[in-house]
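> Below is the file work_0.cif, with mmCIF, C-alpha atoms.
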```cif
data_structure
#
loop_
_atom_site.group_PDB
_atom_site.id
_atom_site.type_symbol
_atom_site.label_atom_id
_atom_site.label_comp_id
_atom_site.auth_asym_id
_atom_site.auth_seq_id
_atom_site.Cartn_x
_atom_site.Cartn_y
_atom_site.Cartn_z
ATOM 1 C CA ALA A 1 32.638 -52.784 13.484
ATOM 2 C CA GLN A 2 33.000 -49.111 12.822
ATOM 3 C CA THR A 3 31.249 -46.436 14.846
ATOM 4 C CA VAL A 4 31.122 -42.690 14.395
ATOM 5 C CA THR A 5 30.213 -40.366 17.239
ATOM 6 C CA GLN A 6 29.146 -36.755 17.040
ATOM 7 C CA SER A 7 28.724 -35.523 20.579
ATOM 8 C CA GLN A 8 27.205 -32.137 19.748
ATOM 9 C CA PRO A 9 23.571 -32.504 18.643
ATOM 10 C CA GLU A 10 23.154 -28.741 18.183
ATOM 11 C CA MET A 11 25.467 -25.795 17.804
ATOM 12 C CA SER A 12 25.121 -22.177 16.894
ATOM 13 C CA VAL A 13 27.572 -19.542 15.730
ATOM 14 C CA GLN A 14 27.419 -15.869 14.911
ATOM 15 C CA GLU A 15 27.761 -14.952 11.282
ATOM 16 C CA ALA A 16 31.412 -14.380 10.301
ATOM 17 C CA GLU A 17 32.684 -16.292 13.335
ATOM 18 C CA THR A 18 34.446 -19.644 13.397
ATOM 19 C CA VAL A 19 32.918 -22.869 14.651
ATOM 20 C CA THR A 20 34.304 -26.362 15.141
ATOM 21 C CA LEU A 21 32.196 -29.497 14.940
ATOM 22 C CA SER A 22 33.507 -32.612 16.654
ATOM 23 C CA CYS A 23 33.621 -36.170 15.390
ATOM 24 C CA THR A 24 35.286 -39.248 16.779
ATOM 25 C CA TYR A 25 35.295 -42.724 15.351
ATOM 26 C CA ASP A 26 36.296 -46.187 16.285
ATOM 27 C CA THR A 27 37.878 -48.651 13.889
ATOM 28 C CA SER A 28 40.568 -51.269 13.682
ATOM 29 C CA GLU A 29 41.228 -50.393 10.056
ATOM 30 C CA ASN A 30 44.412 -48.584 9.095
ATOM 31 C CA ASN A 31 43.302 -47.400 5.694
ATOM 32 C CA TYR A 32 40.042 -45.496 5.412
ATOM 33 C CA TYR A 33 38.313 -42.312 4.398
ATOM 34 C CA LEU A 34 36.528 -39.728 6.487
ATOM 35 C CA PHE A 35 33.910 -37.310 5.256
ATOM 36 C CA TRP A 36 31.810 -34.381 6.341
ATOM 37 C CA TYR A 37 28.461 -34.074 4.629
ATOM 38 C CA LYS A 38 26.115 -31.096 4.898
ATOM 39 C CA GLN A 39 22.348 -31.424 4.720
ATOM 40 C CA PRO A 40 20.505 -28.093 4.441
ATOM 41 C CA PRO A 41 16.836 -28.132 5.481
ATOM 42 C CA SER A 42 14.778 -30.214 3.043
ATOM 43 C CA ARG A 43 17.738 -30.663 0.727
ATOM 44 C CA GLN A 44 20.031 -33.516 -0.096
ATOM 45 C CA MET A 45 23.304 -34.259 1.620
ATOM 46 C CA ILE A 46 26.283 -32.790 -0.149
ATOM 47 C CA LEU A 47 29.938 -33.526 0.408
ATOM 48 C CA VAL A 48 31.771 -30.772 2.248
ATOM 49 C CA ILE A 49 35.216 -32.257 2.664
ATOM 50 C CA ARG A 50 37.032 -35.567 2.545
ATOM 51 C CA GLN A 51 40.170 -36.900 4.225
ATOM 52 C CA GLU A 52 42.171 -39.992 3.334
ATOM 53 C CA ALA A 53 43.611 -41.609 6.425
ATOM 54 C CA TYR A 54 47.030 -42.208 4.929
ATOM 55 C CA LYS A 55 47.460 -38.500 4.243
ATOM 56 C CA GLN A 56 48.868 -36.623 7.189
ATOM 57 C CA GLN A 57 47.995 -33.218 5.829
ATOM 58 C CA ASN A 58 44.630 -31.912 6.903
ATOM 59 C CA ALA A 59 42.164 -31.395 4.059
ATOM 60 C CA THR A 60 40.897 -27.893 3.322
ATOM 61 C CA GLU A 61 38.151 -26.617 1.046
ATOM 62 C CA ASN A 62 37.873 -22.847 1.062
ATOM 63 C CA ARG A 63 36.323 -21.910 4.437
ATOM 64 C CA PHE A 64 36.143 -25.543 5.553
ATOM 65 C CA SER A 65 39.049 -27.405 7.071
ATOM 66 C CA VAL A 66 39.523 -30.479 9.187
ATOM 67 C CA ASN A 67 41.704 -31.399 12.121
ATOM 68 C CA PHE A 68 42.457 -35.064 11.566
ATOM 69 C CA GLN A 69 44.107 -36.779 14.517
ATOM 70 C CA LYS A 70 44.558 -40.406 13.481
ATOM 71 C CA ALA A 71 45.951 -41.659 16.761
ATOM 72 C CA ALA A 72 43.106 -40.061 18.681
ATOM 73 C CA LYS A 73 40.574 -41.118 16.022
ATOM 74 C CA SER A 74 39.277 -37.618 15.843
ATOM 75 C CA PHE A 75 38.078 -35.721 12.788
ATOM 76 C CA SER A 76 36.724 -32.258 13.550
ATOM 77 C CA LEU A 77 35.389 -29.770 11.026
ATOM 78 C CA LYS A 78 36.228 -26.084 11.264
ATOM 79 C CA ILE A 79 34.071 -23.567 9.456
ATOM 80 C CA SER A 80 35.637 -20.142 9.190
ATOM 81 C CA ASP A 81 33.787 -16.924 8.425
ATOM 82 C CA SER A 82 30.426 -18.642 8.942
ATOM 83 C CA GLN A 83 27.690 -17.678 6.530
ATOM 84 C CA LEU A 84 23.915 -17.942 6.832
ATOM 85 C CA GLY A 85 23.966 -20.590 4.114
ATOM 86 C CA ASP A 86 26.054 -22.815 6.363
ATOM 87 C CA THR A 87 22.965 -23.459 8.472
ATOM 88 C CA ALA A 88 22.419 -27.203 8.069
ATOM 89 C CA MET A 89 22.784 -30.608 9.626
ATOM 90 C CA TYR A 90 26.373 -31.813 9.394
ATOM 91 C CA PHE A 91 27.165 -35.515 9.292
ATOM 92 C CA CYS A 92 30.542 -37.080 9.869
ATOM 93 C CA ALA A 93 31.051 -40.370 8.004
ATOM 94 C CA PHE A 94 33.607 -43.156 7.746
ATOM 95 C CA MET A 95 34.336 -45.620 4.980
ATOM 96 C CA LYS A 96 37.056 -48.234 5.117
ATOM 97 C CA HIS A 97 39.344 -48.631 2.140
ATOM 98 C CA GLY A 98 37.839 -51.177 -0.216
ATOM 99 C CA GLY A 99 34.572 -51.046 1.658
ATOM 100 C CA ASN A 100 31.119 -50.442 0.346
ATOM 101 C CA GLN A 101 29.258 -48.678 3.075
ATOM 102 C CA PHE A 102 29.453 -45.405 4.902
ATOM 103 C CA TYR A 103 29.081 -45.280 8.658
ATOM 104 C CA PHE A 104 27.478 -42.046 9.761
ATOM 105 C CA GLY A 105 27.344 -40.142 12.991
ATOM 106 C CA THR A 106 24.041 -38.848 14.356
ATOM 107 C CA GLY A 107 24.693 -35.374 13.028
ATOM 108 C CA THR A 108 25.167 -31.878 14.415
ATOM 109 C CA SER A 109 22.574 -29.255 13.664
ATOM 110 C CA LEU A 110 24.382 -25.964 13.058
ATOM 111 C CA THR A 111 22.585 -22.638 13.079
ATOM 112 C CA VAL A 112 24.344 -19.516 11.889
ATOM 113 C CA ILE A 113 22.884 -16.473 13.627
ATOM 114 C CA PRO A 114 22.815 -13.181 11.741
ATOM 115 C CA GLU B 1 25.431 -30.094 -11.626
ATOM 116 C CA PRO B 2 24.207 -33.691 -12.060
ATOM 117 C CA GLU B 3 21.809 -34.846 -9.369
ATOM 118 C CA VAL B 4 20.408 -38.032 -7.934
ATOM 119 C CA THR B 5 16.630 -37.692 -8.077
ATOM 120 C CA GLN B 6 14.198 -39.555 -5.866
ATOM 121 C CA THR B 7 10.449 -40.044 -6.029
ATOM 122 C CA PRO B 8 8.155 -39.708 -4.227
ATOM 123 C CA SER B 9 9.380 -37.060 -1.820
ATOM 124 C CA HIS B 10 6.839 -38.258 0.743
ATOM 125 C CA GLN B 11 4.669 -41.341 0.851
ATOM 126 C CA VAL B 12 2.123 -42.320 3.447
ATOM 127 C CA THR B 13 1.045 -45.949 3.502
ATOM 128 C CA GLN B 14 -0.847 -48.396 5.654
ATOM 129 C CA MET B 15 0.990 -51.103 7.531
ATOM 130 C CA GLY B 16 1.250 -54.253 5.426
ATOM 131 C CA GLN B 17 1.177 -52.439 2.106
ATOM 132 C CA GLU B 18 3.914 -52.650 -0.496
ATOM 133 C CA VAL B 19 5.936 -49.544 -1.252
ATOM 134 C CA ILE B 20 8.327 -48.809 -4.097
ATOM 135 C CA LEU B 21 10.756 -45.936 -3.797
ATOM 136 C CA ARG B 22 12.383 -44.780 -6.989
ATOM 137 C CA CYS B 23 15.746 -43.278 -7.717
ATOM 138 C CA VAL B 24 17.453 -42.024 -10.841
ATOM 139 C CA PRO B 25 21.206 -42.068 -10.189
ATOM 140 C CA ILE B 26 23.664 -39.881 -12.036
ATOM 141 C CA SER B 27 24.013 -41.265 -15.542
ATOM 142 C CA ASN B 28 27.689 -42.279 -15.552
ATOM 143 C CA HIS B 29 27.603 -43.747 -12.054
ATOM 144 C CA LEU B 30 27.967 -47.485 -11.631
ATOM 145 C CA TYR B 31 27.574 -48.030 -7.891
ATOM 146 C CA PHE B 32 24.217 -47.513 -6.229
ATOM 147 C CA TYR B 33 23.152 -47.422 -2.608
ATOM 148 C CA TRP B 34 20.161 -47.105 -0.338
ATOM 149 C CA TYR B 35 20.456 -45.617 3.128
ATOM 150 C CA ARG B 36 17.755 -44.807 5.614
ATOM 151 C CA GLN B 37 17.406 -42.424 8.533
ATOM 152 C CA ILE B 38 14.819 -42.989 11.208
ATOM 153 C CA LEU B 39 13.813 -39.664 12.741
ATOM 154 C CA GLY B 40 16.380 -38.523 15.267
ATOM 155 C CA GLN B 41 18.745 -41.397 14.546
ATOM 156 C CA LYS B 42 21.809 -41.823 12.392
ATOM 157 C CA VAL B 43 21.863 -42.528 8.687
ATOM 158 C CA GLU B 44 22.154 -46.306 8.215
ATOM 159 C CA PHE B 45 23.385 -48.335 5.280
ATOM 160 C CA LEU B 46 20.857 -50.688 3.706
ATOM 161 C CA VAL B 47 22.322 -52.044 0.503
ATOM 162 C CA SER B 48 24.835 -51.492 -2.278
ATOM 163 C CA PHE B 49 24.310 -52.547 -5.878
ATOM 164 C CA TYR B 50 26.743 -52.967 -8.724
ATOM 165 C CA ASN B 51 26.653 -54.727 -12.061
ATOM 166 C CA ASN B 52 23.009 -55.621 -11.605
ATOM 167 C CA GLU B 53 23.412 -57.399 -8.326
ATOM 168 C CA ILE B 54 23.617 -56.685 -4.628
ATOM 169 C CA SER B 55 27.236 -56.307 -3.564
ATOM 170 C CA GLU B 56 26.616 -55.810 0.132
ATOM 171 C CA LYS B 57 23.649 -55.517 2.463
ATOM 172 C CA SER B 58 23.149 -54.779 6.114
ATOM 173 C CA GLU B 59 21.192 -56.770 8.669
ATOM 174 C CA ILE B 60 18.390 -54.245 8.264
ATOM 175 C CA PHE B 61 17.939 -55.339 4.649
ATOM 176 C CA ASP B 62 15.892 -58.460 5.327
ATOM 177 C CA ASP B 63 13.556 -60.425 3.085
ATOM 178 C CA GLN B 64 11.013 -57.611 3.142
ATOM 179 C CA PHE B 65 13.365 -55.460 1.104
ATOM 180 C CA SER B 66 14.478 -55.809 -2.471
ATOM 181 C CA VAL B 67 16.252 -53.630 -5.009
ATOM 182 C CA GLU B 68 16.100 -53.589 -8.732
ATOM 183 C CA ARG B 69 17.465 -51.723 -11.681
ATOM 184 C CA PRO B 70 14.662 -52.416 -14.139
ATOM 185 C CA ASP B 71 16.082 -50.297 -16.934
ATOM 186 C CA GLY B 72 19.168 -48.241 -17.639
ATOM 187 C CA SER B 73 18.182 -45.337 -15.448
ATOM 188 C CA ASN B 74 15.986 -46.285 -12.481
ATOM 189 C CA PHE B 75 17.082 -47.911 -9.234
ATOM 190 C CA THR B 76 14.218 -48.964 -6.991
ATOM 191 C CA LEU B 77 13.800 -50.055 -3.397
ATOM 192 C CA LYS B 78 10.752 -52.192 -2.654
ATOM 193 C CA ILE B 79 9.386 -52.916 0.782
ATOM 194 C CA ARG B 80 6.940 -55.809 0.440
ATOM 195 C CA SER B 81 4.906 -55.516 3.609
ATOM 196 C CA THR B 82 5.604 -52.307 5.465
ATOM 197 C CA LYS B 83 5.859 -52.177 9.231
ATOM 198 C CA LEU B 84 5.532 -49.177 11.519
ATOM 199 C CA GLU B 85 9.275 -49.247 12.136
ATOM 200 C CA ASP B 86 9.940 -48.787 8.409
ATOM 201 C CA SER B 87 8.905 -45.163 8.793
ATOM 202 C CA ALA B 88 12.045 -43.237 7.888
ATOM 203 C CA MET B 89 13.735 -41.070 5.324
ATOM 204 C CA TYR B 90 15.219 -43.231 2.580
ATOM 205 C CA PHE B 91 18.207 -41.890 0.687
ATOM 206 C CA CYS B 92 19.466 -43.140 -2.624
ATOM 207 C CA ALA B 93 23.113 -42.497 -3.510
ATOM 208 C CA SER B 94 25.455 -43.254 -6.368
ATOM 209 C CA LYS B 95 29.066 -42.918 -7.405
ATOM 210 C CA THR B 96 31.345 -43.686 -10.317
ATOM 211 C CA GLY B 97 33.626 -46.200 -8.632
ATOM 212 C CA PRO B 98 34.056 -48.183 -5.432
ATOM 213 C CA SER B 99 36.837 -46.155 -3.895
ATOM 214 C CA GLY B 100 36.352 -43.651 -1.133
ATOM 215 C CA ALA B 101 38.043 -41.227 -3.462
ATOM 216 C CA ASN B 102 34.904 -41.302 -5.603
ATOM 217 C CA VAL B 103 32.314 -38.848 -4.384
ATOM 218 C CA LEU B 104 29.102 -40.413 -3.106
ATOM 219 C CA THR B 105 26.224 -38.249 -4.287
ATOM 220 C CA PHE B 106 22.936 -38.436 -2.391
ATOM 221 C CA GLY B 107 19.404 -37.737 -3.456
ATOM 222 C CA ALA B 108 17.087 -35.507 -1.433
ATOM 223 C CA GLY B 109 15.376 -38.523 0.103
ATOM 224 C CA SER B 110 11.944 -40.092 0.192
ATOM 225 C CA ARG B 111 10.081 -39.806 3.452
ATOM 226 C CA LEU B 112 8.043 -42.910 4.189
ATOM 227 C CA THR B 113 5.339 -42.785 6.831
ATOM 228 C CA VAL B 114 3.732 -46.088 7.777
ATOM 229 C CA LEU B 115 0.425 -45.810 9.656
#
```
What is this structure when it is put down as structure tokens?


Amino acid sequence: AQTVTQSQPEMSVQEAETVTLSCTYDTSENNYYLFWYKQPPSRQMILVIRQEAYKQQNATENRFSVNFQKAAKSFSLKISDSQLGDTAMYFCAFMKHGGNQFYFGTGTSLTVIP
Amino acid sequence: EPEVTQTPSHQVTQMGQEVILRCVPISNHLYFYWYRQILGQKVEFLVSFYNNEISEKSEIFDDQFSVERPDGSNFTLKIRSTKLEDSAMYFCASKTGPSGANVLTFGAGSRLTVL
């Protein structure tokens, strides 16, 4: 079975600063995908960034980047130059290659302080 | 930007009543999902649906639950006899293909409150 753990229920960051959200996972699979989804208040979850496990290079999307450590089964999200619109719940998720379901962490509530 | 739309946004029902949650996936998507999130807990997979049949379901998805794609656009989740523990946010999601490379797009959710 796959499990995803987000050990930080809440975090805050000053506007324009950098913040890192942690995620670890447990799996026996070698081929899989990892995701960070953002859920603003009362809005749907949207994909922030995605990493394929067979790719060694860390994914980046503008101000968002990941630190993917496959051996450590760690997948942290770094948000640079934080903006007020980054305030949201962030979910880390895992999907095995060829699988059908996502396994989510419990989420980290991020507040960007002006 | 295409969206997955869900109705109702919030439904309150009495224990034992039937509930139908509706979803309109993105039009060119072929794979459909229901997830739920009990307050304060993680988002959990319920069921996946492809080619007009269930492709995978979790242990949560027992005989009280059913899914249907009654026409070319709607994807529904029915709970036959609701229990208090069914109170949760239910998310519909869809994507074009089965791979993790295909983006899974979520709806805004339907909050179900069972009294």

> Convert the output of the PyMOL selection byres ((chain A) within 12 of (chain B)) on the shown file into explicit residues, formatted as a VMD selection string.

chain A and resid 3 to 6 9 31 to 53 89 to 109

> Take the point (2.9, -51.3, 4.8) in the file's coordinates, draw a sphere of radius 12 Å around it, and report as an MDAnalysis selection string every protein, DNA or RNA residue with an atom inside or on it, counting all atoms listed in the file.

chainID B and resid 11:20 64:65 78:87 112:115

> Just the number, please: distance in Å from CA of Lys73 (chain A) to CA of Ala88 (chain A), one decimal.

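Between CA of Lys73 (chain A) and CA of Ala88 (chain A) the gap is 24.2 Å.
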
> Report, in Å to a single decimal, how far apart CA of Arg22 (chain B) and CA of Thr76 (chain B) are.

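These atoms are spaced 4.6 Å apart.
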
> Using only C-alpha atoms, which residue out of A:Ala71, A:Val112, A:Ala16, A:Leu77 lies closest to Asn30 (chain A)?

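Closest residue, counting only C-alpha atoms: A:Ala71.
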
> Return the padded bounding box of region 82-93 of chain A as JSON: axis-aligned, built from all atoms listed in the file, 6 Å added on each side, with centre and edge lengths in Å to one decimal.


```
{"center_x": 26.7, "center_y": -29.0, "center_z": 7.0, "size_x": 20.6, "size_y": 34.7, "size_z": 17.8}
```

> State, in Å with one decimal place, the distance from CA of Ser27 (chain B) to CA of Thr96 (chain B).

9.3 Å

> Taking the file as shown, find all residues satisfying the PyMOL selection byres ((chain A and resi 13) around 10) and write them as a VMD selection string.

chain A and resid 11 to 12 14 to 20 79 81 to 84 87 110 to 114

> Go ahead and save the residues from that selection, with C-alpha atoms, as a PDB file, in the coordinates of the input.


```
ATOM      1  CA  MET A  11      25.467 -25.795  17.804  1.00  0.00           C
ATOM      2  CA  SER A  12      25.121 -22.177  16.894  1.00  0.00           C
ATOM      3  CA  GLN A  14      27.419 -15.869  14.911  1.00  0.00           C
ATOM      4  CA  GLU A  15      27.761 -14.952  11.282  1.00  0.00           C
ATOM      5  CA  ALA A  16      31.412 -14.380  10.301  1.00  0.00           C
ATOM      6  CA  GLU A  17      32.684 -16.292  13.335  1.00  0.00           C
ATOM      7  CA  THR A  18      34.446 -19.644  13.397  1.00  0.00           C
ATOM      8  CA  VAL A  19      32.918 -22.869  14.651  1.00  0.00           C
ATOM      9  CA  THR A  20      34.304 -26.362  15.141  1.00  0.00           C
ATOM     10  CA  ILE A  79      34.071 -23.567   9.456  1.00  0.00           C
ATOM     11  CA  ASP A  81      33.787 -16.924   8.425  1.00  0.00           C
ATOM     12  CA  SER A  82      30.426 -18.642   8.942  1.00  0.00           C
ATOM     13  CA  GLN A  83      27.690 -17.678   6.530  1.00  0.00           C
ATOM     14  CA  LEU A  84      23.915 -17.942   6.832  1.00  0.00           C
ATOM     15  CA  THR A  87      22.965 -23.459   8.472  1.00  0.00           C
ATOM     16  CA  LEU A 110      24.382 -25.964  13.058  1.00  0.00           C
ATOM     17  CA  THR A 111      22.585 -22.638  13.079  1.00  0.00           C
ATOM     18  CA  VAL A 112      24.344 -19.516  11.889  1.00  0.00           C
ATOM     19  CA  ILE A 113      22.884 -16.473  13.627  1.00  0.00           C
ATOM     20  CA  PRO A 114      22.815 -13.181  11.741  1.00  0.00           C
TER      21      PRO A 114
END
```

> Using the chain letters and numbers from this file, what does the PyMOL selection byres ((chain B and resi 110) around 6) select? Give the answer as a PyMOL selection string.

chain B and resi 8-10+89-90+109+111

> Which neighbours of Asn58 (chain A) fall inside 7 Å, counting only C-alpha atoms, when residues of the same chain fewer than 6 positions from it are skipped, and could you give them as a list in words?

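The filter keeps Val66, Asn67 and Phe68 of chain A.
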
> Using all atoms listed in the file, find all polymer residues with an atom at most 12 Å away from the point (44.2, -49.5, 18.3); report them as a list in words.

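In the file's frame, the residues around the point are Tyr25, Asp26, Thr27, Ser28, Glu29, Asn30, Lys70, Ala71, Ala72 and Lys73 of chain A.
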
> Using the selection just defined, write its residues with C-alpha atoms as a PDB file, in the frame of the given file.


```pdb
ATOM      1  CA  TYR A  25      35.295 -42.724  15.351  1.00  0.00           C
ATOM      2  CA  ASP A  26      36.296 -46.187  16.285  1.00  0.00           C
ATOM      3  CA  THR A  27      37.878 -48.651  13.889  1.00  0.00           C
ATOM      4  CA  SER A  28      40.568 -51.269  13.682  1.00  0.00           C
ATOM      5  CA  GLU A  29      41.228 -50.393  10.056  1.00  0.00           C
ATOM      6  CA  ASN A  30      44.412 -48.584   9.095  1.00  0.00           C
ATOM      7  CA  LYS A  70      44.558 -40.406  13.481  1.00  0.00           C
ATOM      8  CA  ALA A  71      45.951 -41.659  16.761  1.00  0.00           C
ATOM      9  CA  ALA A  72      43.106 -40.061  18.681  1.00  0.00           C
ATOM     10  CA  LYS A  73      40.574 -41.118  16.022  1.00  0.00           C
TER      11      LYS A  73
END
```

> Kindly add N, CA, C and O atoms to the incomplete region 78-92 of chain A and provide the output as a short mmCIF file (atom, residue, chain, number, x, y, z; two decimals), keeping the file's coordinate frame.


```
data_model
loop_
_atom_site.label_atom_id
_atom_site.label_comp_id
_atom_site.auth_asym_id
_atom_site.auth_seq_id
_atom_site.Cartn_x
_atom_site.Cartn_y
_atom_site.Cartn_z
N LYS A 78 36.21 -27.51 10.93
CA LYS A 78 36.23 -26.08 11.26
C LYS A 78 35.64 -25.30 10.11
O LYS A 78 36.06 -25.46 8.95
N ILE A 79 34.67 -24.46 10.45
CA ILE A 79 34.07 -23.57 9.46
C ILE A 79 34.46 -22.16 9.83
O ILE A 79 34.11 -21.67 10.92
N SER A 80 35.19 -21.53 8.96
CA SER A 80 35.64 -20.14 9.19
C SER A 80 34.69 -19.17 8.50
O SER A 80 34.05 -19.52 7.50
N ASP A 81 34.61 -17.96 9.05
CA ASP A 81 33.79 -16.92 8.43
C ASP A 81 32.39 -17.47 8.11
O ASP A 81 31.93 -17.44 6.97
N SER A 82 31.73 -17.98 9.13
CA SER A 82 30.43 -18.64 8.94
C SER A 82 29.44 -17.75 8.20
O SER A 82 29.34 -16.55 8.46
N GLN A 83 28.71 -18.39 7.31
CA GLN A 83 27.69 -17.68 6.53
C GLN A 83 26.31 -18.27 6.81
O GLN A 83 26.20 -19.42 7.23
N LEU A 84 25.28 -17.48 6.56
CA LEU A 84 23.92 -17.94 6.83
C LEU A 84 23.61 -19.24 6.08
O LEU A 84 22.89 -20.11 6.58
N GLY A 85 24.18 -19.39 4.90
CA GLY A 85 23.97 -20.59 4.11
C GLY A 85 24.64 -21.83 4.68
O GLY A 85 24.42 -22.93 4.17
N ASP A 86 25.43 -21.65 5.72
CA ASP A 86 26.05 -22.82 6.36
C ASP A 86 25.09 -23.49 7.33
O ASP A 86 25.39 -24.57 7.83
N THR A 87 23.96 -22.85 7.60
CA THR A 87 22.96 -23.46 8.47
C THR A 87 22.50 -24.77 7.87
O THR A 87 21.98 -24.80 6.74
N ALA A 88 22.71 -25.86 8.61
CA ALA A 88 22.42 -27.20 8.07
C ALA A 88 22.70 -28.23 9.15
O ALA A 88 23.27 -27.93 10.20
N MET A 89 22.35 -29.46 8.83
CA MET A 89 22.78 -30.61 9.63
C MET A 89 24.09 -31.10 9.02
O MET A 89 24.20 -31.21 7.78
N TYR A 90 25.07 -31.34 9.86
CA TYR A 90 26.37 -31.81 9.39
C TYR A 90 26.60 -33.24 9.90
O TYR A 90 26.50 -33.51 11.10
N PHE A 91 26.92 -34.12 8.96
CA PHE A 91 27.16 -35.52 9.29
C PHE A 91 28.62 -35.86 9.04
O PHE A 91 29.17 -35.58 7.97
N CYS A 92 29.22 -36.50 10.00
CA CYS A 92 30.54 -37.08 9.87
C CYS A 92 30.36 -38.53 9.41
O CYS A 92 29.42 -39.22 9.87
#
```
